[in-house]
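Next comes input-v5.pdb, a file with PDB, C-alpha atoms, pLDDT in the B column.
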```pdb
ATOM      1  CA  MET Y  29       6.898  -4.311   2.127  1.00 95.00           C
ATOM      2  CA  THR Y  30       6.342  -7.173  -0.274  1.00 97.00           C
ATOM      3  CA  GLU Y  31       3.002  -8.784  -1.097  1.00 97.00           C
ATOM      4  CA  LEU Y  32       2.346 -11.920  -3.122  1.00 98.00           C
ATOM      5  CA  ALA Y  33      -0.632 -11.640  -5.483  1.00 97.00           C
ATOM      6  CA  ILE Y  34      -2.955 -14.533  -4.633  1.00 97.00           C
ATOM      7  CA  PRO Y  35      -6.296 -15.502  -6.223  1.00 97.00           C
ATOM      8  CA  ASN Y  36      -8.326 -13.699  -3.539  1.00 96.00           C
ATOM      9  CA  ASP Y  37      -6.645 -10.400  -4.615  1.00 97.00           C
ATOM     10  CA  ALA Y  38      -7.467 -10.691  -8.321  1.00 97.00           C
ATOM     11  CA  ASN Y  39     -10.321 -10.394 -10.788  1.00 97.00           C
ATOM     12  CA  ILE Y  40     -11.317 -13.071 -13.329  1.00 96.00           C
ATOM     13  CA  LEU Y  41      -8.599 -11.863 -15.732  1.00 96.00           C
ATOM     14  CA  GLY Y  42      -5.876 -12.577 -13.162  1.00 97.00           C
ATOM     15  CA  ASN Y  43      -5.100  -8.920 -12.425  1.00 98.00           C
ATOM     16  CA  VAL Y  44      -4.882  -7.650  -8.853  1.00 98.00           C
ATOM     17  CA  LEU Y  45      -7.783  -5.334  -8.028  1.00 97.00           C
ATOM     18  CA  GLY Y  46      -6.977  -1.632  -7.690  1.00 96.00           C
ATOM     19  CA  GLY Y  47      -8.661  -1.496  -4.293  1.00 96.00           C
ATOM     20  CA  ARG Y  48      -6.356  -4.265  -3.047  1.00 97.00           C
ATOM     21  CA  VAL Y  49      -3.314  -2.325  -4.276  1.00 96.00           C
ATOM     22  CA  MET Y  50      -4.602   0.763  -2.451  1.00 95.00           C
ATOM     23  CA  HIS Y  51      -5.020  -1.364   0.694  1.00 95.00           C
ATOM     24  CA  TRP Y  52      -1.409  -2.524   0.423  1.00 96.00           C
ATOM     25  CA  ILE Y  53      -0.285   1.090  -0.041  1.00 93.00           C
ATOM     26  CA  ASP Y  54      -2.164   2.138   3.094  1.00 92.00           C
ATOM     27  CA  LEU Y  55      -0.587  -0.701   5.099  1.00 93.00           C
ATOM     28  CA  ALA Y  56       2.903   0.322   3.950  1.00 93.00           C
ATOM     29  CA  ALA Y  57       2.152   3.975   4.790  1.00 90.00           C
ATOM     30  CA  ALA Y  58       0.808   3.062   8.228  1.00 90.00           C
ATOM     31  CA  THR Y  59       3.937   1.012   8.942  1.00 91.00           C
ATOM     32  CA  ALA Y  60       6.203   3.918   7.947  1.00 91.00           C
ATOM     33  CA  ALA Y  61       4.149   6.355  10.056  1.00 90.00           C
ATOM     34  CA  HIS Y  62       4.198   4.060  13.073  1.00 91.00           C
ATOM     35  CA  ARG Y  63       7.957   3.567  12.806  1.00 92.00           C
ATOM     36  CA  HIS Y  64       8.395   7.348  12.599  1.00 92.00           C
ATOM     37  CA  CYS Y  65       6.364   8.283  15.685  1.00 90.00           C
ATOM     38  CA  ASN Y  66       6.333   4.970  17.613  1.00 89.00           C
ATOM     39  CA  SER Y  67       2.715   5.675  18.543  1.00 84.00           C
ATOM     40  CA  ILE Y  68      -0.836   5.312  17.227  1.00 82.00           C
ATOM     41  CA  CYS Y  69      -1.196   7.397  14.074  1.00 83.00           C
ATOM     42  CA  VAL Y  70      -3.192   7.777  10.887  1.00 78.00           C
ATOM     43  CA  THR Y  71      -2.379   8.198   7.227  1.00 75.00           C
ATOM     44  CA  ALA Y  72      -4.391  11.093   5.843  1.00 73.00           C
ATOM     45  CA  ALA Y  73      -3.353  11.869   2.274  1.00 78.00           C
ATOM     46  CA  ILE Y  74      -1.862  10.574  -0.926  1.00 81.00           C
ATOM     47  CA  ASP Y  75      -0.517  12.894  -3.610  1.00 82.00           C
ATOM     48  CA  ALA Y  76      -1.158  10.738  -6.684  1.00 89.00           C
ATOM     49  CA  LEU Y  77      -1.823   7.174  -7.777  1.00 91.00           C
ATOM     50  CA  SER Y  78      -1.383   5.859 -11.308  1.00 94.00           C
ATOM     51  CA  PHE Y  79      -1.857   2.261 -12.368  1.00 94.00           C
ATOM     52  CA  LEU Y  80       0.672   1.832 -15.198  1.00 95.00           C
ATOM     53  CA  ASN Y  81       0.828  -1.966 -15.456  1.00 95.00           C
ATOM     54  CA  PRO Y  82      -1.251  -4.794 -14.007  1.00 96.00           C
ATOM     55  CA  ILE Y  83       0.020  -6.997 -11.205  1.00 97.00           C
ATOM     56  CA  LYS Y  84      -0.671 -10.588 -12.239  1.00 97.00           C
ATOM     57  CA  LEU Y  85      -1.449 -13.574 -10.043  1.00 97.00           C
ATOM     58  CA  GLY Y  86       1.697 -15.086  -8.553  1.00 97.00           C
ATOM     59  CA  HIS Y  87       3.712 -11.885  -8.959  1.00 97.00           C
ATOM     60  CA  LEU Y  88       5.307 -10.009  -6.076  1.00 97.00           C
ATOM     61  CA  ALA Y  89       4.422  -6.379  -5.406  1.00 97.00           C
ATOM     62  CA  HIS Y  90       7.184  -4.366  -3.708  1.00 96.00           C
ATOM     63  CA  LEU Y  91       5.891  -1.293  -1.869  1.00 95.00           C
ATOM     64  CA  LYS Y  92       8.092   1.473  -0.534  1.00 94.00           C
ATOM     65  CA  ALA Y  93       6.721   4.140   1.828  1.00 90.00           C
ATOM     66  CA  ARG Y  94       8.215   7.249   3.406  1.00 89.00           C
ATOM     67  CA  VAL Y  95       7.049   9.984   5.718  1.00 89.00           C
ATOM     68  CA  VAL Y  96       6.908  13.324   3.887  1.00 86.00           C
ATOM     69  CA  HIS Y  97       4.932  15.420   6.383  1.00 82.00           C
ATOM     70  CA  THR Y  98       3.980  15.208  10.037  1.00 84.00           C
ATOM     71  CA  GLY Y  99       1.457  17.168  12.026  1.00 80.00           C
ATOM     72  CA  ASN Y 100      -0.669  17.181  15.130  1.00 77.00           C
ATOM     73  CA  SER Y 101      -4.450  17.527  15.253  1.00 72.00           C
ATOM     74  CA  ARG Y 102      -4.602  18.678  18.862  1.00 68.00           C
TER      75      ARG Y 102
END
```
Rendering of file as structure tokens:
Amino acid sequence: MTELAIPNDANILGNVLGGRVMHWIDLAAATAAHRHCNSICVTAAIDALSFLNPIKLGHLAHLKARVVHTGNSR
């Protein structure tokens, strides 16, 4: 998944907000989960998240998601 950093995603310094990045991560995870099970599903966990460098306005963020565990709550 690729997202373009637009002004609505950033703070006054021109850096994308961490919450917006987490939202993008959840969307990528939900897409991977849906493609895996072809049904309604939820994403429940993330192992780790480190912000190493800022994403600046106008930059592209490339997100890659994969299914690492599946389960059933029934």
Using all atoms listed in the file, the shortest atom-to-atom distance to Y:Asn39 among Y:Ala73, Y:Ala56, Y:Val95, Y:Ile83 belongs to Y:Ile83
Surrounding residues of Y:Arg94 excluding itself and chain neighbours under 6 positions, 9 Å, all atoms listed in the file, as a PDB file with C-alpha atoms, in the coordinates of the input:
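Output below, filename result.pdb:
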```
ATOM      1  CA  ALA Y  56       2.903   0.322   3.950  1.00 93.00           C
ATOM      2  CA  ALA Y  57       2.152   3.975   4.790  1.00 90.00           C
ATOM      3  CA  ALA Y  60       6.203   3.918   7.947  1.00 91.00           C
ATOM      4  CA  ALA Y  61       4.149   6.355  10.056  1.00 90.00           C
TER       5      ALA Y  61
END
```
Enter the distance from atom CA of Y:Ile34 to atom CA of Y:Asp54, in Å, rounded to one decimal. 18.4 Å
Would you list the contacts of Y:Thr98 as a compact mmCIF listing (two decimals) with C-alpha atoms, keeping the file's coordinate frame, taking every protein, DNA or RNA residue within 10 Å and counting only C-alpha atoms, but skipping same-chain residues closer than 5 positions in sequence?
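Below is the file that was written, around.txt:
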```
# COMPACT_ATOMS: atom_id res chain seq x y z
CA ALA Y 61 4.15 6.36 10.06
CA HIS Y 64 8.40 7.35 12.60
CA CYS Y 65 6.36 8.28 15.68
CA THR Y 71 -2.38 8.20 7.23
```
Expressed in Å, the length from atom CA of Y:Gly99 to atom CA of Y:Asp75 is 16.3 Å
Residue nearest Y:Asn43 among Y:Leu91, Y:Val96, Y:Ala76, Y:Leu85 (counting all atoms listed in the file): Y:Leu85
Work out how far atom CA of Y:Ile53 is from atom CA of Y:Met29, in Å to one decimal. 9.2 Å
Check what the PyMOL selection byres ((chain Y and resi 49) around 10) selects in the file above and give those residues as a ChimeraX atom specification. /Y:31,33,37,44-48,50-55,79,83,89,91
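With only C-alpha atoms as the basis for measurement, Y:Lys84 is the residue among Y:Thr59, Y:Lys84, Y:Asn66, Y:Ser78 that approaches Y:Pro35 most closely.
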How would you write as a PDB file with C-alpha atoms, in the frame of the given file the residues that get within 12 Å of (-1.8, 16.2, 16.2) in the file's frame, counting only C-alpha atoms?
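Wrote it out as part08.pdb, contents follow:
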```pdb
ATOM      1  CA  CYS Y  65       6.364   8.283  15.685  1.00 90.00           C
ATOM      2  CA  SER Y  67       2.715   5.675  18.543  1.00 84.00           C
ATOM      3  CA  ILE Y  68      -0.836   5.312  17.227  1.00 82.00           C
ATOM      4  CA  CYS Y  69      -1.196   7.397  14.074  1.00 83.00           C
ATOM      5  CA  VAL Y  70      -3.192   7.777  10.887  1.00 78.00           C
ATOM      6  CA  ALA Y  72      -4.391  11.093   5.843  1.00 73.00           C
ATOM      7  CA  HIS Y  97       4.932  15.420   6.383  1.00 82.00           C
ATOM      8  CA  THR Y  98       3.980  15.208  10.037  1.00 84.00           C
ATOM      9  CA  GLY Y  99       1.457  17.168  12.026  1.00 80.00           C
ATOM     10  CA  ASN Y 100      -0.669  17.181  15.130  1.00 77.00           C
ATOM     11  CA  SER Y 101      -4.450  17.527  15.253  1.00 72.00           C
ATOM     12  CA  ARG Y 102      -4.602  18.678  18.862  1.00 68.00           C
TER      13      ARG Y 102
END
```
